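Colleague: Right, I'll just put the structure down here and ask away after.
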Amino acid sequence: MEFEVDDLKINYPNISKGRILEPSASICIPCRGVRYLCGRSYCPLILKTTKLIRTIELRKRVIQGSSPPAVFVGRFGYPKVRIGPLLPSLLGDTSRYDFPEGWSALRLEDILNFRFSMVRSYKFASIEEARIEPNWLQSLQEMVASRNPVDMEVKLASIPSNKPLLDDVVEPLGPSARLEHFTFLSNFKIDDRVEKAYYDRDLKAGEALFKLYLENVEISRLSKILSLGMLGTRKNRKLVPTRWSITAVDDTVSKKLVERIKDFETIDNIRVFYIEKHLNRFVVMLFPSKWLYEWIECWYPQTTWNLYGQEPEAEGDYEGYSGRKEYASLGGCYYAVRLAIAEYLYKEKKQAGALAIREILPGFITSIGVWFVRESIRDLLKQKYIEVDNYTGALDYIFSKLKFNRNKLIEKSKILKYIYFQKKIEDYLDKFNT
Amino acid sequence: MLRIEFEDAKNWLGLLDAIRDIVEEAVFVATQEGLSLRAMDSARVAMIDLKLPVVYFPEYKVDNEKVNFAISVADMVKSLKGIKKGYRLVMELTEENTLRLEFLGKGKHSFEFPLLDISPESIPSLKLNFEARVRIETDILANAIDNLEKFSDYITFRASNDKFVLTGRSEKGKASSEFLRDELIGLEVTRECVSSYSTEYLLNILGKSELAEVTDLDFGTKMPLKATYMLSGGGEVAYYLAPRTEIE
């Protein structure tokens with residue numbers, strides 16, 4: 001199949017046509033960072049300038065600032081990991097710097113700007129230290145249990161290296177340096193929900209996560225709490241790399257929601273939701289069935305994971321009523337989307353089968369973390385949906401929005417194949433003999 | 001009044017497992033002929049047809065012409081997980097609208113389950129002119145399906161006068177299991193036929209060696225598959241599965 005950008009019906013400015021152009025006066029002057037004429041989902045010049053300014057702000061060994069609060073636990077070297085607080089060189093309300101739940105309406109540049117302006121300080125620790133709880137770890141645990149940003153001062157072993165980090169699961173990370181020492185500059189108020197879970201050393205981590213979730217503690221906070229080894233039974237507490245804790249929270253909470261959804265009645269009609277966001281298209285189709293779930297990503301050429309490809313490629317993961325046994329090949333996104341969908345059905349007190357599709361359009365070339373799909377699907381499910389009583393109507397609508405080749409997508413999707421090719425016992429009704 | 005006895009309690013537990021693969025809640029019908037159940041799964045793709053004639057039971061008493069009772073199969077299976085081998089089972093409807101199960105062996109262990117307020121769905125029996133009948137050991141069939149499962153969402157069944165072939169094919173590759181006439185217990189083909197069925201469903205309904213050592217498969221081109229387990233002591237469990245229509 002020949003890939004043609006024009007067929008994608010994206011509102012690209014004429015100048016780009018889906019190609020990614022290098023910044024130049026002829027594009028950038030008329031654009032001024034708001035029209036994305038170069039075809040990217042963010043403005044590289046704004047990003048570069050802010051990164052430069054931020055880096056200058058962070059080019060020192062002692063930094064005073066308010067941590068949102070945020071921490072990062074690395075996975076390299078596991079079970080010996082890097083761990084430490086993240087903070088910008090700024091005192092005040094920095095809560096938005098580490099709060100994906102509030103990022104939906106922001107530009108990608110703004111989010112990257114938040115992230116790159118925080119220094120990631122780290123020390124080395126064994127994951128087992130969560131059981132010993134040395135003073136420094138207790139302080140970090142208190143910090144992430146805080147309701148508000150925490151004013152602090154960090155002393156670093158060197159000037160932070162200017163190597164920002166982009167990852168497909170974790171939120172973008174700014175410059176880093178080894179931590180020598182940190183102190184809090186003022187008092188802060190601990191969230192009593194978190195405190196209670198922390199002191200319950202008989203409650204398993206999964207149960208504790210779900211309890212906190214039902215008490216409205218945000219997903220992004222749950223992963224921080226889990227990664228600092230603050231939940232679970234006494235002997236099982238460990239530090240958990242941030243990347244793993246994000247997915248562990250999405251997986252655990254959504255699994256428990258799905259268990260509850262299975263007690264609800266199935267929906268009567270098919271509901272189809274659609275939105276576009278930062279050169280991404282998202283579709284969710286909920287249909288009358290016991291719980292089933294499939295997540296499909298369609299990557300066009302000139303996108304993060306298909307940068308040099310010539311053709312759009314799709315991959316998907318699926319689970320039936322009793323769930324998956326193996327880790328999803330698409331990783332964290334699969335679980336983040338499952339959480340958003342399960343959460344919606346739980347609130348609606350309904351059961352359904354769910355097919356979720358994401359089209360990633362040329363120009364989306366940054367990995368920004370799984371929060372992006374979780375929050376996009378949460379947003380999507382708050383939109384008005386179309387309701388139809390037959391699959392022909394639902395699928396015609398979906399394929400009028402998505403431009404990925406219909407047959408190629410059916411080939412990749414267990415649910416679409418099922419819809420198109422699975423007969424029903426009732427189809428043989430004329431052969432029934434009472 | 002209804003009072004029935006199973007010689008081995010494990011038989012009842014095996015049947016519950018078989019039913020639970022199709023429905024979580026089930027309505028049984030007891031008549032003077034025996035105990036039966038017919039139910040379709042919520043996707044209307046598969047159906048179970050269970051028949052236990054009076055001779056199947058050491059004791060079978062129904063006062064009325066017909067007694068229906070509905071239970072949560074899923075709950076019952078969960079609650080009875082701890083029952084070990086070597087018990088007889090007496091099942092009785094009580095005045096309090098419950099189903100009482102008494103396991104008799106070492107001691108008497110009683111359980112009562114509330115009856116559900118649902119009536120049987122009227123599903124007519126499915127009479128099809130199948131083109132092939134294959135008799136095969138349940139375990140061997142289960143093993144073949146397990147091997148093919150890794151390759152495809154659906155498995156294609158083919159029967160001709162001399163062999164029965166199962167195939168799974170996808171971008172991951174292709175796998176097949178072929179059985180010649182004398183490697184099967186039976187093969188009757190009125191017309192060469194080919195049809196495909198969902199792997200996920202096949203895994204649920206095939207390989208039930210706790211029901212019978214031999215499985216009878218009936219199918220035909222673009223027709224449902226019928227898998228029958230003849231129970232020792234009389235009675236049968238039959239599953240019907242609607243086909244997939246991918247082009248082969």
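Each chain in the structure tokens gets a letter, A, B, ..., in the order shown, and its residues are numbered from 1; ligands are numbered from 1 in order too.
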Any idea which chain B residues end up within 9 Å of chain A if we count only C-alpha atoms, as a PyMOL selection string please?
Modeller: chain B and resi 40+42-47+123-128+153+197-198+200+223-224+240-246
Colleague: Please extract the residues of region 110-184 of chain A with a backbone DSSP assignment of strand (DSSP E or B) and present them as a PyMOL selection string.
Modeller: chain A and resi 118-126+146+150-156+161+165+173+176-184
Colleague: Quick one: pull the distance between CA of Thr49 (chain A) and CA of Glu109 (chain A), Å, one decimal.
Modeller: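 Rounded to one decimal, the two atoms are 10.8 Å apart.
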Colleague: Considering only helix (DSSP H, G or I) as DSSP defines it on the backbone, what residues of region 9-154 of chain B qualify? List them as an MDAnalysis selection string.
Modeller: chainID B and resid 9:20 54:56 73:79 138:149
Colleague: If you count only C-alpha atoms, which residues fall within 9 Å of Ala142 (chain B), apart from same-chain ones fewer than 5 positions away, as number ranges by chain?
Modeller: B: 137, 147, 203, 206-209
Colleague: Report, in Å to a single decimal, how far apart CA of Asn407 (chain A) and CA of Thr303 (chain A) are.
Modeller: 21.8 Å
Colleague: Using only C-alpha atoms, determine which residues lie at most 6 Å from Ala159 (chain B), disregarding the query and same-chain residues fewer than 5 positions distant; provide the list as a list in words.
Modeller: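 Selected residues are Phe164, Glu192 and Cys193 of chain B.
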Colleague: Find the distance between CA of Lys85 (chain B) and CA of Phe111 (chain B) and write it in Å to one decimal.
Modeller: 16.8 Å
Colleague: Please determine, counting only C-alpha atoms, which residue among B:Tyr56, B:Trp12, B:Phe113, B:Phe130 has the shortest atom-to-atom distance to Ile71 (chain B).
Modeller: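 Closest to Ile71 (chain B) of all the choices is B:Phe113.
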